[in-house]
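**Student:** Provided below: data-v9.csv, containing CSV, C-alpha atoms.
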chain,number,residue,atom,x,y,z
A,70,MET,CA,-50.8,71.4,6.1
A,71,LYS,CA,-54.5,71.6,6.9
A,72,ILE,CA,-56.8,69.8,4.5
A,73,SER,CA,-60.5,70.1,4.5
A,74,VAL,CA,-62.8,67.5,3.1
A,75,ILE,CA,-66.5,67.3,2.7
A,76,ILE,CA,-68.4,64.1,2.3
A,77,THR,CA,-71.9,64.0,0.8
A,78,LEU,CA,-74.4,61.3,0.1
A,79,LYS,CA,-74.8,60.2,-3.5
A,80,LYS,CA,-77.8,61.5,-5.4
A,81,ASP,CA,-79.8,58.2,-5.3
A,82,VAL,CA,-79.2,57.5,-1.6
A,83,LEU,CA,-82.1,58.3,0.8
A,84,ASP,CA,-81.2,60.9,3.4
A,85,PRO,CA,-83.9,60.7,6.0
A,86,GLN,CA,-82.1,63.2,8.3
A,87,GLY,CA,-81.9,65.8,5.5
A,88,LYS,CA,-85.6,65.2,4.9
A,89,VAL,CA,-86.5,65.9,8.5
A,90,ILE,CA,-84.4,69.0,8.6
A,91,HIS,CA,-86.1,70.2,5.4
A,92,GLN,CA,-89.5,69.6,7.0
A,93,THR,CA,-88.5,71.4,10.2
A,94,LEU,CA,-87.2,74.4,8.2
A,95,ASP,CA,-90.4,74.4,6.3
A,96,GLY,CA,-92.4,74.5,9.5
A,97,MET,CA,-90.3,77.4,10.7
A,98,GLY,CA,-91.3,79.4,7.7
A,99,PHE,CA,-88.3,78.7,5.4
A,100,ASN,CA,-90.6,77.4,2.8
A,101,ASP,CA,-88.7,78.1,-0.4
A,102,ILE,CA,-86.4,75.0,0.0
A,103,ASN,CA,-86.3,72.3,-2.7
A,104,GLU,CA,-84.2,69.8,-0.8
A,105,VAL,CA,-81.8,69.4,2.2
A,106,ARG,CA,-78.9,66.9,2.1
A,107,GLN,CA,-76.8,66.4,5.1
A,108,GLY,CA,-73.1,65.6,4.8
A,109,LYS,CA,-69.8,65.5,6.8
A,110,TYR,CA,-66.9,67.8,7.1
A,111,PHE,CA,-63.3,66.9,8.2
A,112,GLU,CA,-60.3,69.1,9.0
A,113,ILE,CA,-57.1,67.1,8.8
A,114,ASP,CA,-53.9,68.6,10.1
A,115,SER,CA,-51.1,66.7,8.5
A,116,LYS,CA,-47.3,66.8,9.1
A,117,GLU,CA,-46.8,66.7,5.4
A,118,ASN,CA,-45.6,70.1,4.0
A,119,ASP,CA,-46.0,69.4,0.3
A,120,PRO,CA,-49.5,70.4,-0.8
A,121,LYS,CA,-49.7,67.8,-3.6
A,122,LYS,CA,-48.5,65.0,-1.4
A,123,ALA,CA,-50.8,66.1,1.5
A,124,LYS,CA,-53.7,66.1,-0.9
A,125,ASP,CA,-52.9,62.7,-2.3
A,126,LYS,CA,-52.6,61.2,1.2
A,127,VAL,CA,-56.0,62.6,2.2
A,128,GLU,CA,-57.5,61.2,-1.0
A,129,ASP,CA,-56.2,57.8,0.0
A,130,MET,CA,-57.7,58.2,3.4
A,131,CYS,CA,-61.0,59.1,1.9
A,132,LYS,CA,-61.0,56.0,-0.3
A,133,LYS,CA,-59.9,53.7,2.5
A,134,LEU,CA,-61.8,54.9,5.6
A,135,LEU,CA,-63.5,58.3,5.5
A,136,THR,CA,-65.9,57.5,2.7
A,137,ASN,CA,-68.0,54.5,1.8
A,138,LEU,CA,-67.9,54.9,-2.0
A,139,VAL,CA,-71.1,52.8,-2.4
A,140,ILE,CA,-73.1,55.7,-1.0
A,141,GLU,CA,-70.9,58.7,-0.5
A,142,ASN,CA,-68.7,61.1,-2.5
A,143,TYR,CA,-65.8,63.1,-1.2
A,144,LYS,CA,-64.4,66.4,-2.2
A,145,ILE,CA,-61.2,68.0,-0.9
A,146,ILE,CA,-62.2,71.6,-0.7
A,147,ASP,CA,-59.1,73.3,0.8
A,148,VAL,CA,-55.3,72.6,1.2
A,149,GLN,CA,-53.3,75.2,3.1
B,241,MET,CA,-66.7,22.2,16.3
B,242,LYS,CA,-64.7,25.2,17.2
B,243,SER,CA,-65.9,28.8,17.0
B,244,SER,CA,-64.5,32.2,17.7
B,245,VAL,CA,-66.5,35.4,18.7
B,246,ILE,CA,-64.6,38.6,18.1
B,247,THR,CA,-65.1,41.3,20.8
B,248,PHE,CA,-64.6,44.9,19.6
B,249,PRO,CA,-64.7,47.9,21.9
B,250,GLY,CA,-68.4,48.5,22.1
B,251,SER,CA,-69.6,45.0,21.2
B,252,ASN,CA,-72.5,44.0,23.5
B,253,CYS,CA,-73.9,40.8,22.0
B,254,ASP,CA,-70.6,38.9,22.2
B,255,ARG,CA,-71.5,37.1,25.4
B,256,ASP,CA,-75.0,36.2,24.3
B,257,MET,CA,-73.4,34.7,21.2
B,258,ASP,CA,-70.9,32.8,23.3
B,259,VAL,CA,-73.8,31.4,25.4
B,260,ALA,CA,-75.7,30.4,22.3
B,261,LEU,CA,-72.7,28.7,20.5
B,262,ASN,CA,-71.7,26.8,23.6
B,263,LYS,CA,-75.4,25.7,24.2
B,264,PHE,CA,-75.5,24.0,20.8
B,265,GLY,CA,-72.2,22.3,21.0
B,266,PHE,CA,-69.6,24.7,19.8
B,267,LYS,CA,-66.4,25.1,21.8
B,268,ASN,CA,-66.3,28.8,21.6
B,269,LYS,CA,-63.4,31.2,22.2
B,270,MET,CA,-63.6,34.9,22.7
B,271,VAL,CA,-61.1,36.8,20.7
B,272,TRP,CA,-60.0,40.4,21.3
B,273,HIS,CA,-60.0,42.8,18.4
B,274,ASN,CA,-56.4,43.8,18.9
B,275,ASP,CA,-55.1,40.2,18.6
B,276,ALA,CA,-53.5,39.3,15.3
B,277,GLU,CA,-54.2,35.6,15.1
B,278,LEU,CA,-57.5,33.8,15.0
B,279,PRO,CA,-57.6,30.5,17.0
B,280,LYS,CA,-58.4,27.5,14.8
B,281,SER,CA,-62.1,27.9,14.1
B,282,ASP,CA,-64.8,26.3,12.1
B,283,LEU,CA,-66.9,29.4,12.5
B,284,VAL,CA,-66.0,33.0,13.2
B,285,VAL,CA,-68.8,35.3,14.5
B,286,LEU,CA,-68.7,39.1,14.5
B,287,PRO,CA,-71.3,40.0,17.1
B,288,GLY,CA,-73.8,42.8,17.5
B,289,GLY,CA,-73.3,46.0,19.4
B,290,PHE,CA,-71.9,49.4,18.8
B,291,SER,CA,-68.3,48.9,18.0
B,292,TYR,CA,-66.3,52.1,18.4
B,293,GLY,CA,-69.5,53.9,19.3
B,294,ASP,CA,-70.7,53.7,15.7
B,295,TYR,CA,-68.3,56.6,15.0
B,296,LEU,CA,-67.9,57.7,11.3
B,297,ARG,CA,-70.1,54.9,9.9
B,298,CYS,CA,-71.3,51.9,11.8
B,299,GLY,CA,-68.7,49.2,11.6
B,300,SER,CA,-66.1,51.3,9.7
B,301,MET,CA,-63.5,51.4,12.4
B,302,ALA,CA,-63.9,47.8,13.5
B,303,SER,CA,-63.5,46.7,9.9
B,304,LYS,CA,-59.9,48.1,10.0
B,305,SER,CA,-59.0,46.5,13.4
B,306,LYS,CA,-56.0,44.2,13.7
B,307,ILE,CA,-57.9,40.9,14.0
B,308,MET,CA,-60.0,41.7,10.9
B,309,LYS,CA,-57.0,41.0,8.6
B,310,SER,CA,-57.0,37.4,9.8
B,311,VAL,CA,-60.8,37.3,9.6
B,312,ILE,CA,-60.7,38.5,6.0
B,313,ASN,CA,-58.0,36.0,5.1
B,314,PHE,CA,-60.0,33.2,6.8
B,315,ALA,CA,-63.1,34.2,4.8
B,316,ASN,CA,-61.2,34.5,1.5
B,317,SER,CA,-59.9,31.0,2.0
B,318,GLY,CA,-63.4,29.6,2.4
B,319,GLY,CA,-63.8,29.9,6.2
B,320,MET,CA,-67.3,30.4,7.7
B,321,VAL,CA,-67.8,34.0,8.9
B,322,MET,CA,-71.1,35.2,10.2
B,323,GLY,CA,-71.8,38.8,11.1
B,324,ILE,CA,-74.9,39.7,13.2
B,325,CYS,CA,-76.3,43.2,13.3
B,326,ASN,CA,-73.2,45.4,14.0
B,327,GLY,CA,-71.2,42.4,12.7
B,328,PHE,CA,-73.1,42.7,9.4
B,329,GLN,CA,-72.3,46.4,9.3
B,330,ILE,CA,-68.6,45.4,9.9
B,331,LEU,CA,-68.8,42.9,7.1
B,332,VAL,CA,-70.1,45.4,4.5
B,333,GLU,CA,-67.4,47.8,5.5
B,334,THR,CA,-64.7,45.1,4.8
B,335,GLY,CA,-66.3,44.5,1.4
B,336,LEU,CA,-66.7,40.8,2.2
B,337,VAL,CA,-70.4,41.2,1.4
B,338,PRO,CA,-71.8,43.8,-1.0
B,339,GLY,CA,-73.8,46.9,-0.2
B,340,VAL,CA,-74.2,49.1,2.9
B,341,LEU,CA,-76.5,49.6,5.9
B,342,LEU,CA,-78.1,53.0,6.0
B,343,ARG,CA,-80.0,54.7,8.8
B,344,ASN,CA,-83.5,53.1,9.2
B,345,LYS,CA,-86.0,54.8,6.8
B,346,TYR,CA,-88.2,56.3,9.6
B,347,LEU,CA,-85.2,57.3,11.8
B,348,GLU,CA,-86.3,55.0,14.6
B,349,PHE,CA,-84.3,52.6,16.6
B,350,ILE,CA,-86.2,49.4,16.0
B,351,CYS,CA,-86.3,46.7,18.7
B,352,LYS,CA,-88.8,43.9,18.1
B,353,ASN,CA,-89.3,40.4,16.9
B,354,VAL,CA,-89.6,39.9,13.1
B,355,PHE,CA,-90.2,37.0,10.7
B,356,VAL,CA,-87.7,36.3,8.0
B,357,LYS,CA,-88.0,34.0,5.0
B,358,ILE,CA,-85.1,31.9,4.0
B,359,ASN,CA,-84.4,32.7,0.4
B,360,ASN,CA,-81.5,30.3,-0.3
B,361,LYS,CA,-80.9,27.0,1.4
B,362,ASN,CA,-78.1,25.9,-0.9
B,363,ASN,CA,-75.4,26.8,1.7
B,364,THR,CA,-74.0,25.6,5.0
B,365,TYR,CA,-76.0,28.1,7.1
B,366,PHE,CA,-79.5,27.0,6.0
B,367,LYS,CA,-79.4,23.7,4.2
B,368,ASN,CA,-81.5,20.9,5.8
B,369,LEU,CA,-83.5,23.4,7.8
B,370,ASP,CA,-87.2,22.3,7.9
B,371,SER,CA,-88.6,25.8,8.4
B,372,GLU,CA,-89.1,28.3,5.6
B,373,VAL,CA,-89.8,31.2,8.0
B,374,LEU,CA,-88.0,31.9,11.3
B,375,GLU,CA,-88.8,34.4,14.0
B,376,PHE,CA,-85.8,36.4,15.1
B,377,HIS,CA,-85.2,39.6,17.0
B,378,ILE,CA,-83.9,42.9,15.5
B,379,ALA,CA,-82.5,45.8,17.5
B,380,HIS,CA,-80.8,48.4,15.2
B,381,ASN,CA,-80.7,52.0,14.1
B,382,GLU,CA,-78.8,51.4,10.8
B,383,GLY,CA,-80.3,48.3,9.2
B,384,ASN,CA,-81.6,49.7,6.0
B,385,TYR,CA,-79.9,47.6,3.4
B,386,PHE,CA,-78.8,49.5,0.3
B,387,CYS,CA,-76.8,48.7,-2.8
B,388,THR,CA,-76.3,50.0,-6.3
B,389,LYS,CA,-78.5,48.7,-9.2
B,390,ASP,CA,-75.5,46.8,-10.6
B,391,GLN,CA,-74.7,45.2,-7.2
B,392,LEU,CA,-78.4,44.2,-6.8
B,393,LYS,CA,-78.3,42.5,-10.2
B,394,GLU,CA,-75.1,40.7,-9.2
B,395,ILE,CA,-76.6,39.7,-5.8
B,396,ASP,CA,-79.7,38.3,-7.5
B,397,ASP,CA,-77.8,36.5,-10.3
B,398,ASN,CA,-75.6,34.8,-7.7
B,399,GLU,CA,-78.5,34.1,-5.3
B,400,GLN,CA,-76.8,36.0,-2.5
B,401,VAL,CA,-79.9,37.0,-0.7
B,402,ALA,CA,-80.0,34.9,2.4
B,403,ILE,CA,-83.2,36.1,4.2
B,404,ASN,CA,-85.9,38.6,3.7
B,405,TYR,CA,-88.3,40.3,6.2
B,406,CYS,CA,-91.7,38.8,5.9
B,407,ASP,CA,-94.9,38.0,7.8
B,408,VAL,CA,-95.6,34.8,9.7
B,409,ASN,CA,-96.6,33.1,6.5
B,410,GLY,CA,-93.5,34.2,4.6
B,411,LYS,CA,-95.1,37.0,2.6
B,412,THR,CA,-92.3,39.4,1.8
B,413,GLU,CA,-94.4,42.5,1.2
B,414,ASP,CA,-93.4,46.1,1.8
B,415,GLN,CA,-95.6,46.4,4.9
B,416,PHE,CA,-93.4,43.7,6.6
B,417,ASN,CA,-90.2,45.7,5.9
B,418,PRO,CA,-89.2,47.3,9.2
B,419,ASN,CA,-86.4,49.6,8.1
B,420,GLY,CA,-86.6,50.4,4.4
B,421,SER,CA,-84.2,47.7,3.1
B,422,ILE,CA,-84.1,47.1,-0.6
B,423,LYS,CA,-86.3,44.1,-1.5
B,424,ASN,CA,-86.8,43.5,2.3
B,425,ILE,CA,-83.3,42.2,2.5
B,426,ALA,CA,-82.4,41.2,6.1
B,427,GLY,CA,-79.3,39.2,5.3
B,428,ILE,CA,-76.9,38.4,2.4
B,429,PHE,CA,-74.1,36.1,1.6
B,430,ASN,CA,-70.8,36.6,-0.3
B,431,LYS,CA,-70.7,35.0,-3.7
B,432,GLU,CA,-69.3,31.7,-2.3
B,433,LYS,CA,-71.9,31.6,0.6
B,434,ASN,CA,-69.3,31.0,3.3
B,435,VAL,CA,-69.8,34.6,4.6
B,436,LEU,CA,-73.2,35.6,6.0
B,437,GLY,CA,-74.3,39.0,7.2
B,438,MET,CA,-77.7,39.6,8.8
B,439,MET,CA,-79.4,42.2,10.9
B,440,PRO,CA,-81.6,39.8,13.0
B,441,HIS,CA,-80.2,38.1,16.1
B,442,PRO,CA,-80.6,34.3,16.2
B,443,GLU,CA,-78.8,34.2,19.6
B,444,ARG,CA,-81.7,36.1,21.2
B,445,MET,CA,-84.1,33.2,20.3
B,446,ILE,CA,-82.6,30.2,22.0
B,447,ASP,CA,-84.8,29.9,25.1
B,448,LYS,CA,-88.5,29.2,25.1
B,449,SER,CA,-89.1,30.9,28.4
B,450,LEU,CA,-87.3,34.1,27.5
B,451,SER,CA,-88.1,34.7,23.8
B,452,GLY,CA,-88.5,31.9,21.3
B,453,GLU,CA,-86.7,29.0,19.9
B,454,ASP,CA,-86.2,29.7,16.3
B,455,GLY,CA,-82.6,30.6,17.0
B,456,SER,CA,-82.2,27.1,18.5
B,457,LEU,CA,-83.4,25.6,15.2
B,458,PHE,CA,-80.8,27.7,13.4
B,459,PHE,CA,-77.8,26.9,15.6
B,460,ASN,CA,-78.7,23.2,15.9
B,461,ASN,CA,-78.9,23.0,12.1
B,462,LEU,CA,-75.7,25.0,11.6
B,463,ILE,CA,-73.6,22.8,13.8
B,464,ASN,CA,-74.9,19.6,12.2
B,465,ASN,CA,-74.1,21.1,8.7
B,466,LEU,CA,-70.6,21.8,9.9
B,467,LYS,CA,-69.9,18.3,11.2
Can I see the file as structure tokens?

**Tutor:**
Amino acid sequence: MKISVIITLKKDVLDPQGKVIHQTLDGMGFNDINEVRQGKYFEIDSKENDPKKAKDKVEDMCKKLLTNLVIENYKIIDVQ
Amino acid sequence: MKSSVITFPGSNCDRDMDVALNKFGFKNKMVWHNDAELPKSDLVVLPGGFSYGDYLRCGSMASKSKIMKSVINFANSGGMVMGICNGFQILVETGLVPGVLLRNKYLEFICKNVFVKINNKNNTYFKNLDSEVLEFHIAHNEGNYFCTKDQLKEIDDNEQVAINYCDVNGKTEDQFNPNGSIKNIAGIFNKEKNVLGMMPHPERMIDKSLSGEDGSLFFNNLINNLK
């Protein structure tokens, strides 16, 4: 199964990279942006064929390694 | 006194730490990250560097390496564990000390001398030290200490802040904060104060002709406290 996960910074956490991207976009003329937040995207190809089990395992991976829950949230966006 | 310095793939301050520890009387051993057992130690040091190329999050991979199980057990049974720079990042990823280290506020790699004020001397690392302010060296891209409001309250309640960035006179104002850390925090303890994580490098300040000697004060005091 292929599982897709996105990881984003929590709301209160400063994202200086997002800020710089915002400023640059602004300078390029994209001046209707309120905010840019940068995140991470993972594609995990698992040997597990059961969608529920595959999702649970990736959730465990998110909690144990992929995410630092003090500053980040994760969301499994696709299982197929 | 026996010490161990853990070398991870990408550690680059491990040898400097070895030199510093031996200079002040420790019998130091270098320990490979893939070993399972820690040698008998009075102090374990996680050195600075770029373990695993800082992939995913700084320190995240190293915190799951084989030796870290032994280091975590050692810390949980009261053993002295000190993490410097990347070692601090590894410590926060293990959860031995609270919080995280974010990218520096102004997106710069900072490499310079800084002053730090000792916030708590009621522990083996800093007790009996005559100085209130020490000059150390920092070199990092992710040293911006962050924690949740609840964690910050707990850290304050348990007096877990070890050192704060300050000026030469010990003033901990915002303008002396190099990287955006909450409350100028440069280093923190676990609740029990046997685990210390800090961004500054005391091992870079052990030679008058090279840099400075405030690291010598720190290591001399530390080994005396451990005796």

**Student:** Calculate how many Å separate atom CA of B:Lys280 from atom CA of B:Cys325, rounding to one decimal.

**Tutor:**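 Spanning atom CA of B:Lys280 to atom CA of B:Cys325 is a straight-line distance of 23.9 Å.
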
**Student:** Compile the contact shell of stretch 421-429 of chain B as a list in words: residues with an atom at most 7 Å away, counting all atoms listed in the file, same-chain residues fewer than 5 positions apart removed.

**Tutor:**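 Those residues are Val337, Asn384, Tyr385, Phe386, Gln400, Val401, Ala402, Ile403, Asn404, Tyr405, Thr412, Val435, Leu436, Gly437, Met438 and Met439 of chain B.
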
**Student:** Using all atoms listed in the file, what does the table of chain B residues within 9 Å of chain A look like, with each row giving the shortest atom pair and its distance in Å to one decimal, sorted by chain and ascending number, as JSON lines?

**Tutor:**
{"residue": "B:Leu296", "atom": "CA", "partner": "A:Leu135", "partner_atom": "CA", "distance": 7.3}
{"residue": "B:Arg297", "atom": "CA", "partner": "A:Asn137", "partner_atom": "CA", "distance": 8.4}
{"residue": "B:Ser300", "atom": "CA", "partner": "A:Leu134", "partner_atom": "CA", "distance": 6.9}
{"residue": "B:Met301", "atom": "CA", "partner": "A:Leu134", "partner_atom": "CA", "distance": 7.8}
{"residue": "B:Lys304", "atom": "CA", "partner": "A:Leu134", "partner_atom": "CA", "distance": 8.3}
{"residue": "B:Glu333", "atom": "CA", "partner": "A:Asn137", "partner_atom": "CA", "distance": 7.7}
{"residue": "B:Gly339", "atom": "CA", "partner": "A:Val139", "partner_atom": "CA", "distance": 6.9}
{"residue": "B:Val340", "atom": "CA", "partner": "A:Val139", "partner_atom": "CA", "distance": 7.2}
{"residue": "B:Leu342", "atom": "CA", "partner": "A:Leu83", "partner_atom": "CA", "distance": 8.4}
{"residue": "B:Arg343", "atom": "CA", "partner": "A:Pro85", "partner_atom": "CA", "distance": 7.7}
{"residue": "B:Asn344", "atom": "CA", "partner": "A:Pro85", "partner_atom": "CA", "distance": 8.3}
{"residue": "B:Lys345", "atom": "CA", "partner": "A:Pro85", "partner_atom": "CA", "distance": 6.3}
{"residue": "B:Tyr346", "atom": "CA", "partner": "A:Pro85", "partner_atom": "CA", "distance": 7.1}
{"residue": "B:Leu347", "atom": "CA", "partner": "A:Pro85", "partner_atom": "CA", "distance": 6.8}
{"residue": "B:Phe386", "atom": "CA", "partner": "A:Val82", "partner_atom": "CA", "distance": 8.2}
{"residue": "B:Cys387", "atom": "CA", "partner": "A:Val139", "partner_atom": "CA", "distance": 7.0}
{"residue": "B:Thr388", "atom": "CA", "partner": "A:Val139", "partner_atom": "CA", "distance": 7.1}

**Student:** Next, dump the selected residues to file, keeping only C-alpha atoms, as a PDB file, in the coordinates of the input.

**Tutor:**
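What follows is the written file part.pdb:
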ATOM      1  CA  LEU B 296     -67.900  57.700  11.300  1.00  0.00           C
ATOM      2  CA  ARG B 297     -70.100  54.900   9.900  1.00  0.00           C
ATOM      3  CA  SER B 300     -66.100  51.300   9.700  1.00  0.00           C
ATOM      4  CA  MET B 301     -63.500  51.400  12.400  1.00  0.00           C
ATOM      5  CA  LYS B 304     -59.900  48.100  10.000  1.00  0.00           C
ATOM      6  CA  GLU B 333     -67.400  47.800   5.500  1.00  0.00           C
ATOM      7  CA  GLY B 339     -73.800  46.900  -0.200  1.00  0.00           C
ATOM      8  CA  VAL B 340     -74.200  49.100   2.900  1.00  0.00           C
ATOM      9  CA  LEU B 342     -78.100  53.000   6.000  1.00  0.00           C
ATOM     10  CA  ARG B 343     -80.000  54.700   8.800  1.00  0.00           C
ATOM     11  CA  ASN B 344     -83.500  53.100   9.200  1.00  0.00           C
ATOM     12  CA  LYS B 345     -86.000  54.800   6.800  1.00  0.00           C
ATOM     13  CA  TYR B 346     -88.200  56.300   9.600  1.00  0.00           C
ATOM     14  CA  LEU B 347     -85.200  57.300  11.800  1.00  0.00           C
ATOM     15  CA  PHE B 386     -78.800  49.500   0.300  1.00  0.00           C
ATOM     16  CA  CYS B 387     -76.800  48.700  -2.800  1.00  0.00           C
ATOM     17  CA  THR B 388     -76.300  50.000  -6.300  1.00  0.00           C
TER      18      THR B 388
END

**Student:** Around the point (-49.1, 71.6, 7.6) (coordinates from the file), which residues reach within 6 Å if we count only C-alpha atoms? Answer as a ChimeraX atom specification.

**Tutor:** /A:70-71,115-118

**Student:** Given all atoms listed in the file, how would the per-residue table for stretch 324-387 of chain B near stretch 445-459 of chain B read, listing every residue at most 9 Å away with its closest atom pair and distance in Å to one decimal, sorted by chain and number, as a Markdown table?

**Tutor:**
| residue | atom | partner | partner_atom | distance |
| --- | --- | --- | --- | --- |
| B:Tyr365 | CA | B:Phe458 | CA | 7.9 |
| B:Phe366 | CA | B:Phe458 | CA | 7.5 |
| B:Leu369 | CA | B:Phe458 | CA | 7.6 |
| B:Asp370 | CA | B:Leu457 | CA | 8.9 |
| B:Ser371 | CA | B:Leu457 | CA | 8.6 |
| B:Leu374 | CA | B:Asp454 | CA | 5.8 |
| B:Glu375 | CA | B:Asp454 | CA | 5.8 |
| B:Phe376 | CA | B:Met445 | CA | 6.3 |
| B:His377 | CA | B:Met445 | CA | 7.3 |

**Student:** Those selected residues, please, written with C-alpha atoms and delivered as a short mmCIF file (atom, residue, chain, number, x, y, z; two decimals), in the coordinates of the input.

**Tutor:**
data_model
loop_
_atom_site.label_atom_id
_atom_site.label_comp_id
_atom_site.auth_asym_id
_atom_site.auth_seq_id
_atom_site.Cartn_x
_atom_site.Cartn_y
_atom_site.Cartn_z
CA TYR B 365 -76.00 28.10 7.10
CA PHE B 366 -79.50 27.00 6.00
CA LEU B 369 -83.50 23.40 7.80
CA ASP B 370 -87.20 22.30 7.90
CA SER B 371 -88.60 25.80 8.40
CA LEU B 374 -88.00 31.90 11.30
CA GLU B 375 -88.80 34.40 14.00
CA PHE B 376 -85.80 36.40 15.10
CA HIS B 377 -85.20 39.60 17.00
#

**Student:** Please indicate the distance in Å from atom CA of B:Gln329 to atom CA of B:Asn381, rounded to one decimal place.

**Tutor:**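 That distance, rounded to one decimal, is 11.2 Å.
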
**Student:** Would you mind writing stretch 435-450 of chain B with N, CA, C and O atoms, as an mmCIF file, keeping the file's coordinate frame?

**Tutor:**
data_model
loop_
_atom_site.group_PDB
_atom_site.id
_atom_site.type_symbol
_atom_site.label_atom_id
_atom_site.label_comp_id
_atom_site.auth_asym_id
_atom_site.auth_seq_id
_atom_site.Cartn_x
_atom_site.Cartn_y
_atom_site.Cartn_z
ATOM 1 N N VAL B 435 -69.693 33.421 3.772
ATOM 2 C CA VAL B 435 -69.800 34.600 4.600
ATOM 3 C C VAL B 435 -71.291 35.017 4.634
ATOM 4 O O VAL B 435 -71.894 35.163 3.573
ATOM 5 N N LEU B 436 -71.847 35.160 5.835
ATOM 6 C CA LEU B 436 -73.200 35.600 6.000
ATOM 7 C C LEU B 436 -73.321 36.799 6.883
ATOM 8 O O LEU B 436 -72.798 36.791 8.000
ATOM 9 N N GLY B 437 -73.968 37.846 6.396
ATOM 10 C CA GLY B 437 -74.300 39.000 7.200
ATOM 11 C C GLY B 437 -75.755 39.150 7.366
ATOM 12 O O GLY B 437 -76.473 39.045 6.375
ATOM 13 N N MET B 438 -76.245 39.322 8.609
ATOM 14 C CA MET B 438 -77.700 39.600 8.800
ATOM 15 C C MET B 438 -77.975 40.462 9.957
ATOM 16 O O MET B 438 -77.248 40.452 10.953
ATOM 17 N N MET B 439 -79.012 41.262 9.851
ATOM 18 C CA MET B 439 -79.400 42.200 10.900
ATOM 19 C C MET B 439 -80.044 41.406 12.100
ATOM 20 O O MET B 439 -79.785 41.725 13.251
ATOM 21 N N PRO B 440 -80.924 40.422 11.857
ATOM 22 C CA PRO B 440 -81.600 39.800 13.000
ATOM 23 C C PRO B 440 -80.624 38.942 13.862
ATOM 24 O O PRO B 440 -79.595 38.453 13.384
ATOM 25 N N HIS B 441 -81.005 38.798 15.137
ATOM 26 C CA HIS B 441 -80.200 38.100 16.100
ATOM 27 C C HIS B 441 -80.719 36.721 16.427
ATOM 28 O O HIS B 441 -81.624 36.596 17.260
ATOM 29 N N PRO B 442 -80.187 35.663 15.859
ATOM 30 C CA PRO B 442 -80.600 34.300 16.200
ATOM 31 C C PRO B 442 -80.299 33.972 17.672
ATOM 32 O O PRO B 442 -81.016 33.211 18.321
ATOM 33 N N GLU B 443 -79.208 34.572 18.182
ATOM 34 C CA GLU B 443 -78.800 34.200 19.600
ATOM 35 C C GLU B 443 -79.734 34.731 20.617
ATOM 36 O O GLU B 443 -79.623 34.352 21.776
ATOM 37 N N ARG B 444 -80.671 35.584 20.226
ATOM 38 C CA ARG B 444 -81.700 36.100 21.200
ATOM 39 C C ARG B 444 -82.903 35.161 21.230
ATOM 40 O O ARG B 444 -83.855 35.454 21.937
ATOM 41 N N MET B 445 -82.909 34.118 20.409
ATOM 42 C CA MET B 445 -84.100 33.200 20.300
ATOM 43 C C MET B 445 -83.682 31.807 20.598
ATOM 44 O O MET B 445 -83.909 30.913 19.794
ATOM 45 N N ILE B 446 -83.053 31.581 21.749
ATOM 46 C CA ILE B 446 -82.600 30.200 22.000
ATOM 47 C C ILE B 446 -83.158 29.715 23.354
ATOM 48 O O ILE B 446 -82.681 28.740 23.903
ATOM 49 N N ASP B 447 -84.175 30.373 23.863
ATOM 50 C CA ASP B 447 -84.800 29.900 25.100
ATOM 51 C C ASP B 447 -86.251 30.202 25.120
ATOM 52 O O ASP B 447 -86.691 31.342 25.029
ATOM 53 N N LYS B 448 -87.003 29.108 25.202
ATOM 54 C CA LYS B 448 -88.500 29.200 25.100
ATOM 55 C C LYS B 448 -89.064 30.137 26.128
ATOM 56 O O LYS B 448 -89.960 30.918 25.828
ATOM 57 N N SER B 449 -88.532 30.074 27.350
ATOM 58 C CA SER B 449 -89.100 30.900 28.400
ATOM 59 C C SER B 449 -88.748 32.343 28.323
ATOM 60 O O SER B 449 -89.375 33.194 28.938
ATOM 61 N N LEU B 450 -87.701 32.669 27.567
ATOM 62 C CA LEU B 450 -87.300 34.100 27.500
ATOM 63 C C LEU B 450 -87.847 34.745 26.205
ATOM 64 O O LEU B 450 -88.325 35.860 26.250
#
